[in-house]
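File shown: data-v1.cif. Contents: mmCIF, C-alpha atoms and all ligand atoms.
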data_final
#
loop_
_atom_site.label_atom_id
_atom_site.label_comp_id
_atom_site.auth_asym_id
_atom_site.auth_seq_id
_atom_site.Cartn_x
_atom_site.Cartn_y
_atom_site.Cartn_z
CA MET A 1 -24.68 12.01 20.61
CA ASP A 2 -27.71 11.15 18.47
CA SER A 3 -27.56 8.45 15.82
CA VAL A 4 -27.35 10.92 12.90
CA GLU A 5 -24.42 12.75 14.44
CA LYS A 6 -22.71 9.48 15.30
CA LEU A 7 -22.87 8.23 11.72
CA VAL A 8 -21.84 11.61 10.24
CA ASN A 9 -18.75 11.49 12.42
CA ILE A 10 -17.90 8.03 11.12
CA PHE A 11 -18.29 8.94 7.43
CA ARG A 12 -16.43 12.23 7.90
CA LYS A 13 -13.25 10.26 8.54
CA PHE A 14 -13.47 8.44 5.16
CA PRO A 15 -10.88 9.55 2.55
CA THR A 16 -12.03 12.63 0.59
CA VAL A 17 -15.37 12.80 2.47
CA GLY A 18 -16.08 16.02 4.38
CA SER A 19 -18.90 16.85 6.79
CA ARG A 20 -21.34 17.80 4.03
CA THR A 21 -20.91 14.62 2.04
CA ALA A 22 -21.03 12.62 5.28
CA GLY A 23 -24.40 14.23 6.00
CA ARG A 24 -25.66 13.31 2.52
CA PHE A 25 -24.60 9.69 3.07
CA VAL A 26 -26.58 9.56 6.31
CA TYR A 27 -29.75 10.99 4.76
CA TYR A 28 -29.36 8.59 1.85
CA LEU A 29 -29.11 5.67 4.28
CA MET A 30 -32.22 6.85 6.14
CA LYS A 31 -34.26 6.55 2.97
CA LEU A 32 -32.97 3.08 2.07
CA PRO A 33 -35.21 0.06 2.68
CA LYS A 34 -34.06 -2.14 5.55
CA GLU A 35 -32.88 -4.99 3.29
CA LYS A 36 -30.51 -2.59 1.53
CA THR A 37 -28.97 -1.38 4.79
CA ASP A 38 -28.65 -5.01 5.92
CA GLU A 39 -26.84 -5.76 2.66
CA LEU A 40 -24.40 -2.92 3.38
CA ILE A 41 -23.81 -4.04 6.97
CA ASN A 42 -23.17 -7.63 5.85
CA ALA A 43 -20.81 -6.52 3.07
CA ILE A 44 -18.75 -4.60 5.63
CA ILE A 45 -18.66 -7.58 8.01
CA GLU A 46 -17.66 -9.87 5.13
CA LEU A 47 -14.89 -7.48 4.12
CA LYS A 48 -13.48 -7.45 7.63
CA ASN A 49 -13.66 -11.24 7.91
CA LYS A 50 -12.22 -12.10 4.51
CA ILE A 51 -9.66 -9.43 3.76
CA LYS A 52 -6.30 -9.77 5.42
CA LEU A 53 -3.10 -7.77 5.11
CA CYS A 54 -0.11 -9.57 3.62
CA LYS A 55 2.59 -9.97 6.26
CA MET A 56 5.35 -9.17 3.76
CA CYS A 57 4.02 -6.23 1.75
CA PHE A 58 0.83 -5.18 3.58
CA ASN A 59 -1.21 -5.54 0.42
CA PRO A 60 -4.78 -6.56 1.29
CA TYR A 61 -5.82 -9.96 -0.06
CA GLU A 62 -8.96 -11.99 0.14
CA PHE A 63 -9.00 -15.13 2.22
CA VAL A 64 -11.44 -17.33 0.30
CA GLY A 65 -11.22 -20.48 2.36
CA LEU A 66 -10.52 -22.98 -0.46
CA PRO A 67 -7.75 -25.50 0.31
CA ILE A 68 -5.20 -23.85 -1.98
CA SER A 69 -5.96 -20.38 -0.65
CA LEU A 70 -5.99 -21.73 2.87
CA GLU A 71 -2.37 -22.63 2.41
CA MET A 72 -1.73 -19.09 1.15
CA ALA A 73 -3.64 -17.58 4.05
CA ASP A 74 -1.70 -19.72 6.48
CA ARG A 75 1.49 -18.24 5.14
CA GLY A 76 -0.14 -14.83 5.40
CA LEU A 77 0.89 -13.87 1.88
CA CYS A 78 -0.91 -12.01 -0.90
CA ASN A 79 -0.99 -13.36 -4.48
CA ILE A 80 2.06 -11.33 -5.44
CA CYS A 81 4.28 -12.42 -2.54
CA ALA A 82 3.10 -16.03 -2.86
CA ASP A 83 3.92 -16.15 -6.60
CA SER A 84 7.16 -18.11 -7.11
CA ARG A 85 7.67 -16.50 -10.53
CA ARG A 86 8.16 -13.02 -9.04
CA ASP A 87 11.73 -11.75 -8.64
CA LYS A 88 12.27 -11.78 -4.88
CA GLY A 89 15.41 -9.67 -5.19
CA LEU A 90 13.47 -6.63 -6.40
CA LEU A 91 11.54 -4.54 -3.90
CA CYS A 92 9.41 -1.56 -4.82
CA ILE A 93 8.40 0.74 -1.96
CA VAL A 94 5.10 2.52 -2.59
CA GLU A 95 2.92 4.87 -0.59
CA LYS A 96 -0.41 3.09 -0.84
CA GLU A 97 -2.36 0.14 -2.28
CA THR A 98 -3.58 2.08 -5.33
CA ASP A 99 0.03 2.89 -6.30
CA LEU A 100 0.81 -0.83 -6.24
CA LEU A 101 -2.18 -1.42 -8.54
CA SER A 102 -1.00 1.31 -10.93
CA ILE A 103 2.46 -0.25 -11.18
CA GLU A 104 0.99 -3.74 -11.54
CA SER A 105 -1.22 -2.58 -14.40
CA THR A 106 1.87 -1.60 -16.45
CA LYS A 107 2.96 -5.32 -16.29
CA LYS A 108 6.56 -4.06 -16.39
CA PHE A 109 7.47 -4.91 -12.84
CA ASN A 110 8.06 -8.46 -11.74
CA GLY A 111 9.39 -7.89 -8.24
CA LEU A 112 7.78 -7.49 -4.84
CA TYR A 113 6.33 -4.52 -3.04
CA PHE A 114 6.23 -2.86 0.33
CA ILE A 115 3.33 -0.54 1.14
CA LEU A 116 4.54 2.22 3.43
CA GLY A 117 1.05 3.33 4.39
CA GLY A 118 1.30 7.02 3.50
CA THR A 119 3.63 9.98 3.28
CA VAL A 120 4.58 12.65 5.79
CA ALA A 121 4.99 16.41 5.47
CA THR A 122 7.35 16.66 8.44
CA MET A 123 9.62 14.37 10.42
CA LYS A 124 7.47 14.86 13.52
CA LYS A 125 6.99 11.82 15.68
CA GLU A 126 3.20 11.75 15.40
CA ASP A 127 3.43 11.90 11.59
CA LEU A 128 6.09 9.21 11.43
CA SER A 129 4.04 6.86 13.56
CA GLN A 130 1.53 6.65 10.66
CA LEU A 131 4.14 4.96 8.46
CA ARG A 132 5.40 1.37 8.53
CA ILE A 133 8.99 2.37 9.25
CA GLU A 134 9.73 -0.41 11.75
CA GLU A 135 8.04 -2.96 9.48
CA LEU A 136 10.17 -1.73 6.59
CA LYS A 137 13.37 -2.19 8.62
CA LYS A 138 12.31 -5.70 9.50
CA ARG A 139 11.50 -6.48 5.89
CA LEU A 140 14.87 -5.21 4.69
CA ARG A 141 16.70 -7.31 7.25
CA GLN A 142 14.70 -10.41 6.40
CA PRO A 143 14.30 -10.23 2.62
CA PHE A 144 12.05 -13.29 2.33
CA ASP A 145 11.26 -16.56 4.02
CA SER A 146 14.20 -18.92 4.34
CA ALA A 147 13.09 -20.95 1.33
CA HIS A 148 14.24 -18.04 -0.81
CA GLY A 149 17.38 -17.29 1.16
CA HIS A 150 18.74 -14.55 -1.04
CA GLY A 151 18.84 -10.84 -0.39
CA PHE A 152 17.61 -7.89 -2.40
CA THR A 153 19.47 -6.71 -5.48
CA GLU A 154 17.52 -3.50 -5.95
CA ILE A 155 15.19 -1.36 -3.85
CA ILE A 156 13.03 1.04 -5.84
CA VAL A 157 11.76 4.02 -3.89
CA ALA A 158 8.57 4.76 -5.86
CA LEU A 159 6.83 7.43 -3.83
CA ASN A 160 4.74 10.13 -5.45
CA PRO A 161 6.64 13.24 -6.66
CA THR A 162 4.67 15.49 -4.30
CA PRO A 163 6.39 17.57 -1.55
CA GLU A 164 5.28 14.97 1.03
CA GLY A 165 6.48 12.17 -1.25
CA ARG A 166 9.92 13.77 -1.48
CA THR A 167 10.22 14.29 2.28
CA THR A 168 9.18 10.68 2.81
CA SER A 169 11.67 9.42 0.18
CA VAL A 170 14.50 11.01 2.19
CA LEU A 171 13.18 9.32 5.31
CA VAL A 172 12.87 5.96 3.53
CA GLU A 173 16.45 6.17 2.31
CA GLN A 174 17.65 6.97 5.82
CA THR A 175 15.67 3.99 7.08
CA ILE A 176 17.19 1.69 4.45
CA LYS A 177 20.72 2.81 5.37
CA GLU A 178 19.98 2.35 9.05
CA ALA A 179 18.51 -1.10 8.57
CA VAL A 180 21.21 -2.33 6.19
CA PRO A 181 24.43 -0.33 6.76
CA SER A 182 26.42 -2.03 3.99
CA PRO A 183 23.84 -3.10 1.45
CA ALA A 184 24.43 -5.49 -1.42
CA PHE A 185 21.57 -3.83 -3.31
CA ARG A 186 21.26 -0.53 -5.11
CA ILE A 187 18.62 2.06 -4.33
CA THR A 188 16.83 3.47 -7.38
CA HIS A 189 14.04 5.98 -8.07
CA LEU A 190 11.45 6.25 -10.78
CA ALA A 191 12.71 8.28 -13.75
CA LYS A 192 11.38 11.79 -14.22
CA GLY A 193 8.28 12.08 -16.32
CA ILE A 194 5.55 11.73 -13.75
CA PRO A 195 4.13 15.26 -13.55
CA VAL A 196 5.59 17.29 -10.67
CA GLY A 197 3.15 17.20 -7.76
CA GLY A 198 1.41 14.34 -9.55
CA GLU A 199 0.56 10.94 -8.22
CA LEU A 200 1.27 7.49 -9.58
CA GLU A 201 -2.42 6.73 -9.28
CA TYR A 202 -3.35 9.39 -11.84
CA THR A 203 -0.39 8.90 -14.17
CA ASP A 204 -1.16 7.21 -17.49
CA GLU A 205 0.22 3.72 -18.00
CA GLU A 206 2.76 4.66 -20.68
CA THR A 207 4.31 7.45 -18.56
CA LEU A 208 4.50 5.16 -15.55
CA GLU A 209 6.00 2.38 -17.68
CA ASN A 210 8.72 4.78 -18.90
CA ALA A 211 9.36 6.05 -15.37
CA LEU A 212 9.75 2.47 -14.20
CA GLU A 213 11.98 1.34 -17.05
CA GLY A 214 14.16 4.44 -16.87
CA ARG A 215 14.66 4.24 -13.11
CA LYS A 216 18.09 5.07 -11.73
ZN ZN A 301 2.33 -9.43 -0.23
#
Go ahead and express the file in the form of structure tokens.
Ligand SMILES: [Zn+2]
Amino acid sequence: MDSVEKLVNIFRKFPTVGSRTAGRFVYYLMKLPKEKTDELINAIIELKNKIKLCKMCFNPYEFVGLPISLEMADRGLCNICADSRRDKGLLCIVEKETDLLSIESTKKFNGLYFILGGTVATMKKEDLSQLRIEELKKRLRQPFDSAHGHGFTEIIVALNPTPEGRTTSVLVEQTIKEAVPSPAFRITHLAKGIPVGGELEYTDEETLENALEGRK
């Protein structure tokens, strides 16, 4: 495989990038001066070294290396999970990081999150292996570190109202029931209002706020 083909194959796997765009990226890179490509390479290395996934919610967070953050990094928690003011009894299950950001930007949710890592169209094994099902079970059984020894009061299943989102919601509910057979929490869903087939990411703040506040 030549170096052009190799790089095209790498870019092709990026979200929303097809073969043609991947090719354009490669030709763009070819024309860049060496210091610019070095800058890109270093930024990628820095990203991999500094960004870690939160052990509780799988939200990426930056490990900055200052004493206070060091303590946070040692605990393996993102800013949200490490924040003592957040309601640890509330858990919102979302598909991906950008959905978490959309909900955060409404400022109407003060609980914690769990990022499932995607949605599935079928219950096939290879599809299911893409999701954090086992991690979710573990999280539900161990609500938070022993310092906050209380369980969940509410689990919000906030997946996108797409066909895949609906299939995955059913799966998530099954998982919750399996993990906690007699739960002390209630399971809720976002209220209707998010356009059918729409995604949280592209829903305006007010609609998302209403969907969150009207959840049942
Ligand atoms: Zn977290």
Neighbouring residues of Ala179 of chain A were defined as those with any atom within 10 Å, considering all atoms listed in the file; residues of the same chain fewer than 5 positions away were excluded. Please report them as a tab-separated table (two decimals) with C-alpha atoms, keeping the file's coordinate frame.
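Contents of selection_36.tsv, freshly written:
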chain	number	residue	atom	x	y	z
A	134	GLU	CA	9.73	-0.41	11.75
A	136	LEU	CA	10.17	-1.73	6.59
A	137	LYS	CA	13.37	-2.19	8.62
A	138	LYS	CA	12.31	-5.70	9.50
A	139	ARG	CA	11.50	-6.48	5.89
A	140	LEU	CA	14.87	-5.21	4.69
A	141	ARG	CA	16.70	-7.31	7.25
A	173	GLU	CA	16.45	6.17	2.31
A	174	GLN	CA	17.65	6.97	5.82
Query raised in the report: Which chains and residue numbers are within 9 Å of ligand ZN 301 (chain A), counting only C-alpha atoms and all ligand atoms, if I want them as an MDAnalysis selection string?
Result: chainID A and resid 53:61 76:82 112:114
**Report entry** Proximity to Gly111 of chain A - best of A:Arg186, A:Arg85, A:Arg24, A:Lys124, all atoms listed in the file
**Finding:**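 Closest residue, counting all atoms listed in the file: A:Arg85.
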Query raised in the report: Counting all atoms listed in the file, what is within 9 Å of segment 18-22 of chain A, bar same-chain residues fewer than 5 positions away, as a VMD selection string?
Result: chain A and resid 7 to 13 27
Residue subset to file, keeping C-alpha atoms, as a CSV table (one decimal), keeping the file's coordinate frame:
chain,number,residue,atom,x,y,z
A,7,LEU,CA,-22.9,8.2,11.7
A,8,VAL,CA,-21.8,11.6,10.2
A,9,ASN,CA,-18.8,11.5,12.4
A,10,ILE,CA,-17.9,8.0,11.1
A,11,PHE,CA,-18.3,8.9,7.4
A,12,ARG,CA,-16.4,12.2,7.9
A,13,LYS,CA,-13.2,10.3,8.5
A,27,TYR,CA,-29.8,11.0,4.8
Requested in this report: Give as an MDAnalysis selection string every residue, naming chains and numbers as the document does, that has an atom within 12 Å of (7.4, 1.4, -18.1), counting all atoms listed in the file.
Outcome: chainID A and resid 102:110 190:194 203:215
Query raised in the report: Need the neighbours of (6.1, 3.4, -1.7): which residues are at most 7 Å away, counting all atoms listed in the file, as a VMD selection string?
Result: chain A and resid 92 to 96 114 to 116 157 to 159
Query raised in the report: What is the atom CA of Ile155 of chain A to atom CA of Glu126 of chain A distance in Å?
Result: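 Separation between atom CA of Ile155 of chain A and atom CA of Glu126 of chain A: 26.2 Å.
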Report summary line: A straight line from atom CA of Leu91 of chain A to atom CA of Asn160 of chain A spans 16.2 Å
Requested in this report: Point out the residue among A:Val26, A:Leu90, A:Thr16, A:Ile45 with the least atom-to-atom distance to Ser3 of chain A, counting all atoms listed in the file.
Outcome: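 Smallest distance to Ser3 of chain A is found for A:Val26.
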Query raised in the report: Which is closer to Gly118 of chain A than all the others in A:Glu46, A:Glu39, A:Glu178, A:Glu97, using only C-alpha atoms?
Result: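 Comparing A:Glu46, A:Glu39, A:Glu178, A:Glu97 against Gly118 of chain A, the winner is A:Glu97.
Here the question is which of A:Pro183, A:Val120, A:Leu200, A:Ser129 gets nearest to Leu100 of chain A using only C-alpha atoms, and that residue is A:Leu200.
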Requested in this report: Just give me the gap between atom CA of Phe25 of chain A and atom CA of Asn42 of chain A in Å, one decimal is fine.
Outcome: 17.6 Å
Report task. Considering all atoms listed in the file, return as a PyMOL selection string whatever protein or nucleic-acid residues lie within 10 Å of Glu164 of chain A, sequence-local ones (same chain, fewer than 2 positions apart) excluded. Result -> chain A and resi 118-122+159-162+166-169+197
